[in-house]
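See below for the structure under consideration.
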Amino acid sequence: MFLSPSVVAVALLATTPIAPAGTSAPAQPDAALVASFLGDTPLLKDLASLTDEVGGRATGSPANLRAVEWALARFREAGVDARKESFVMPAVWLERSASAKVSSPGVTFSPRIAAMPFSTSTPKGGLTAPLLDAGSGDEAVFKALGGRAKGAFLLVETHELRDIDGLFREYNDAVGIEQRAFAAGAAGVVYMGSRPNNLLYRHNVSVGPKNTRPMMVMERDGALRALRLLRGGQALHLTASIDVDFRRNAESFNVIGEIRGSTRPDEVVVLGAHLDSWDLGTGALDNGANVALLIDVARQMKRLGVRPARTMRFILWNGEEQGLYGSSAYTRQHEAELDRHVVAASFDIGCGRISGFFTGGRPELVPEVEKALGAVRGLGPFVQVDAPIVGTDNFDFMMHGVPNLVANQEPALYGPNYHARSDELDKCDPQQLRLNTAVVAALGLGFASSDLRLPRQSRAQIEELVRTTDLGAQMKAFNMWEDWVNGVRGRRAGTPASTARDVK
């Protein structure tokens, strides 16, 4: 149950100091800025425009290019300096079409499928192979399948997804399942859809662009039907027809809106959300809501003449869904500036209430976050979790030693609609989105106006974080481990922690 706007406004105004007349860099967000997000700002109109007019925005698609121009226009209409920065996507993947037919003598049906990102295309006319029951895909199942798995499509049973914990279990389980399937010489893997009502969705193949097989999600009811037939003794074949657009070294763009700092302009606070989405739905929860949110924070700051001491960059990343490529490119392109990046925060869990932040295994960040959120404590409680997180655009900042944050949000409708056909505008609670905007404004302006000066970590310190937490396991689940070990991503070995800044 959410607080009414009038109650929230009273709570915020009671706890937020009002800056004296003539000041340009308040220590905390002034009352007018915080209260403005509860009024009639263009926030919701922007989200509706991005989702309903632009639609699903897979990187490399025409819709994604339209989204880049859309975002630039929104920043510039608000008077915010904005630019797009080009970067190279190592690989771009788009589904053109995907269909399937299950058959045996006397049985034929055509369940809907969605190709998994980085699935290969099948030959023209499709690829036909035996369809086998792979159960949960664990080691015991593969031992029982033995040589029969070679050249077959393996149908993996799933539990119905109910929450974000279940979503991360899916990601973690897929790594082992696919390793075993590839080692067994399977033709491909078919996951039973884990969503109710036959919703289709996309999960990346665990090995990303290195994949060499057709991979797919099959609607839940169709997969259950196939499993019943297989377990009843029927021998089934699957004909999969998948056509994908797969390109190497494709150009894409991040969009950067910037409010330059008034007294310390060379010090940077990054607030980021990814602009791209998958294409089955229109990407309202993942991640259009937070794109519109950041644009609105920048807009209201500009409208009210709020000048932070440090430069604030509102960055809309591309390539996030296909491998966090946009934020990775930024850390390389801005390597010379990273010592002066105070913090990089990521917002990527839909419209659920912001309940605190993951502080990335940097305990010294916790009191600073709590200090910034003091301006909106009426929207709490806020609890910080000092653990590293992989899976969104904080990752490359963390691996470059930059202090980083990820908003921890109540799941609301995020999990069941994640990457799914149902990720549409009606899944976002508009009132909660407005309240989240106030929280983000408080956090960003708090860091941009504080005296916080944290050192950037060395490669050795980051390696210690990997060693002492589950960060390595997360990196393996998200196909980031090899790039880190091989020096493709993250801070190079032998680089010391920066000494230009100390905690004050």
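Going through the structure tokens in order, the chains are called A, B, and so on, while each chain numbers its residues from 1 and the ligands are numbered from 1 in the order shown.
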
Write out as a VMD selection string the residues lying within 12 Å of Arg228 in chain A, counting only C-alpha atoms and excluding same-chain residues fewer than 5 positions away. chain A and resid 132 to 133 135 155 157 221 to 223 233 to 236

Convert the current residue selection to file output with C-alpha atoms, as an mmCIF file, in the first residue's frame.
data_model
loop_
_atom_site.group_PDB
_atom_site.id
_atom_site.type_symbol
_atom_site.label_atom_id
_atom_site.label_comp_id
_atom_site.auth_asym_id
_atom_site.auth_seq_id
_atom_site.Cartn_x
_atom_site.Cartn_y
_atom_site.Cartn_z
ATOM 1 C CA LEU A 132 14.020 -35.867 -25.682
ATOM 2 C CA ASP A 133 12.861 -35.370 -22.105
ATOM 3 C CA GLY A 135 13.897 -33.294 -17.000
ATOM 4 C CA LEU A 155 13.415 -30.322 -23.568
ATOM 5 C CA GLU A 157 11.332 -28.699 -17.541
ATOM 6 C CA ASP A 221 1.392 -25.544 -22.236
ATOM 7 C CA GLY A 222 2.966 -26.829 -25.439
ATOM 8 C CA ALA A 223 6.054 -27.998 -23.562
ATOM 9 C CA GLY A 233 6.181 -43.533 -24.353
ATOM 10 C CA GLN A 234 5.716 -41.508 -27.546
ATOM 11 C CA ALA A 235 8.787 -40.844 -29.668
ATOM 12 C CA LEU A 236 8.717 -37.203 -30.815
#

Find the residues of range 408-462 of chain A that sit at most 12 Å from range 255-266 of chain A; for each, write down the nearest two atoms and how far apart they are in Å, to one decimal. Count only C-alpha atoms. Sort by chain, then by number going up, and give it as JSON lines.
{"residue": "A:Gly444", "atom": "CA", "partner": "A:Ile259", "partner_atom": "CA", "distance": 11.6}
{"residue": "A:Leu445", "atom": "CA", "partner": "A:Gly261", "partner_atom": "CA", "distance": 10.7}
{"residue": "A:Phe447", "atom": "CA", "partner": "A:Gly261", "partner_atom": "CA", "distance": 11.8}
{"residue": "A:Ala448", "atom": "CA", "partner": "A:Gly261", "partner_atom": "CA", "distance": 8.0}
{"residue": "A:Ser449", "atom": "CA", "partner": "A:Gly261", "partner_atom": "CA", "distance": 9.1}
{"residue": "A:Ser450", "atom": "CA", "partner": "A:Arg264", "partner_atom": "CA", "distance": 10.8}
{"residue": "A:Asp451", "atom": "CA", "partner": "A:Arg264", "partner_atom": "CA", "distance": 10.5}

What's the separation between CA of Ser97 in chain A and CA of Ser136 in chain A, in Å to one decimal place?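 CA of Ser97 in chain A sits 27.3 Å away from CA of Ser136 in chain A.
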
For Glu482 in chain A: contacts at 12 Å, only C-alpha atoms, fewer than 6 positions along chain excluded, given as a VMD selection string: chain A and resid 207 to 208 210 472 to 473 475 to 476 488 to 490

Strand (DSSP E or B) positions in range 212-412 of chain A, given as an mmCIF file with C-alpha atoms, in the first residue's frame:
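Result went into result-v3.cif, see below:
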data_model
loop_
_atom_site.group_PDB
_atom_site.id
_atom_site.type_symbol
_atom_site.label_atom_id
_atom_site.label_comp_id
_atom_site.auth_asym_id
_atom_site.auth_seq_id
_atom_site.Cartn_x
_atom_site.Cartn_y
_atom_site.Cartn_z
ATOM 1 C CA MET A 215 18.213 -22.442 -28.642
ATOM 2 C CA MET A 216 14.645 -21.593 -27.713
ATOM 3 C CA VAL A 217 11.895 -21.136 -25.137
ATOM 4 C CA MET A 218 8.648 -23.030 -25.821
ATOM 5 C CA LEU A 236 8.717 -37.203 -30.815
ATOM 6 C CA HIS A 237 10.633 -35.082 -33.273
ATOM 7 C CA LEU A 238 10.945 -31.319 -33.228
ATOM 8 C CA THR A 239 11.349 -29.217 -36.351
ATOM 9 C CA ALA A 240 12.647 -25.783 -35.400
ATOM 10 C CA SER A 241 12.719 -22.937 -37.922
ATOM 11 C CA ILE A 242 14.704 -19.958 -36.640
ATOM 12 C CA ASP A 243 15.906 -16.995 -38.674
ATOM 13 C CA VAL A 244 18.127 -14.455 -36.922
ATOM 14 C CA ASP A 245 20.044 -11.324 -37.823
ATOM 15 C CA PHE A 246 23.507 -11.713 -36.290
ATOM 16 C CA ARG A 247 26.164 -9.060 -36.918
ATOM 17 C CA ARG A 248 29.641 -8.426 -35.599
ATOM 18 C CA ASN A 249 31.059 -4.983 -34.811
ATOM 19 C CA ALA A 250 27.840 -3.014 -35.195
ATOM 20 C CA GLU A 251 27.590 0.664 -34.240
ATOM 21 C CA SER A 252 25.305 1.745 -31.431
ATOM 22 C CA PHE A 253 24.916 4.814 -29.208
ATOM 23 C CA ASN A 254 24.651 5.794 -25.558
ATOM 24 C CA VAL A 255 22.728 8.990 -24.817
ATOM 25 C CA ILE A 256 24.214 11.363 -22.223
ATOM 26 C CA GLY A 257 22.378 14.276 -20.665
ATOM 27 C CA GLU A 258 24.628 16.489 -18.545
ATOM 28 C CA ILE A 259 24.188 19.203 -15.947
ATOM 29 C CA ARG A 264 33.717 20.995 -9.140
ATOM 30 C CA PRO A 265 32.724 20.341 -12.744
ATOM 31 C CA ASP A 266 35.513 17.813 -13.375
ATOM 32 C CA GLU A 267 34.066 15.468 -10.712
ATOM 33 C CA VAL A 268 31.254 13.300 -12.067
ATOM 34 C CA VAL A 269 28.194 11.561 -10.635
ATOM 35 C CA VAL A 270 26.630 9.061 -13.056
ATOM 36 C CA LEU A 271 22.956 8.101 -12.875
ATOM 37 C CA GLY A 272 22.232 5.437 -15.486
ATOM 38 C CA ALA A 273 19.417 3.331 -16.929
ATOM 39 C CA HIS A 274 19.454 1.248 -20.085
ATOM 40 C CA ARG A 310 29.681 18.305 -9.292
ATOM 41 C CA THR A 311 28.703 17.408 -12.833
ATOM 42 C CA MET A 312 25.755 15.036 -13.081
ATOM 43 C CA ARG A 313 25.549 12.728 -16.084
ATOM 44 C CA PHE A 314 22.225 11.091 -16.846
ATOM 45 C CA ILE A 315 23.264 8.226 -19.111
ATOM 46 C CA LEU A 316 20.899 6.044 -21.113
ATOM 47 C CA TRP A 317 22.852 2.943 -22.020
ATOM 48 C CA HIS A 341 33.943 9.599 -11.097
ATOM 49 C CA VAL A 342 32.551 9.888 -7.589
ATOM 50 C CA VAL A 343 29.878 7.205 -7.998
ATOM 51 C CA ALA A 344 27.972 5.416 -10.760
ATOM 52 C CA ALA A 345 24.407 4.391 -9.921
ATOM 53 C CA SER A 346 22.191 2.072 -11.946
ATOM 54 C CA ILE A 354 13.205 1.768 -4.175
ATOM 55 C CA SER A 355 13.939 0.187 -0.800
ATOM 56 C CA GLY A 356 17.660 0.955 -0.664
ATOM 57 C CA PHE A 357 20.836 0.317 -2.637
ATOM 58 C CA PHE A 358 23.402 -2.377 -3.235
ATOM 59 C CA VAL A 385 22.965 -4.150 1.113
ATOM 60 C CA ASN A 404 28.925 1.961 -7.730
ATOM 61 C CA LEU A 405 25.323 1.563 -6.641
ATOM 62 C CA VAL A 406 22.344 -0.445 -7.852
ATOM 63 C CA ALA A 407 18.853 0.498 -6.729
ATOM 64 C CA ASN A 408 17.221 -2.331 -4.797
ATOM 65 C CA GLN A 409 13.527 -2.276 -5.648
#

If DSSP is run on the backbone, what residues of range 241-446 of chain A are alpha helix (DSSP H)? A reply as a PyMOL selection string would be ideal. chain A and resi 289-304+325-333+365-373+395-399+414-417+430-446

Compare A:Lys143, A:Arg57, A:Lys427, A:Arg491 by their minimum atom-to-atom distance to Gly352 in chain A, counting only C-alpha atoms, and give me the closest one. A:Lys427

Nearest to Phe87 in chain A among A:Ala284, A:Val175, A:Met480, A:Ala329, with distances taken over only C-alpha atoms: which residue is it?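 Distance minimum relative to Phe87 in chain A lands on A:Ala329.
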
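In terms of minimum interatomic distance to Ser458 in chain A, A:Val402 ranks closest within A:Asn479, A:Leu443, A:Glu370, A:Val402, counting only C-alpha atoms.
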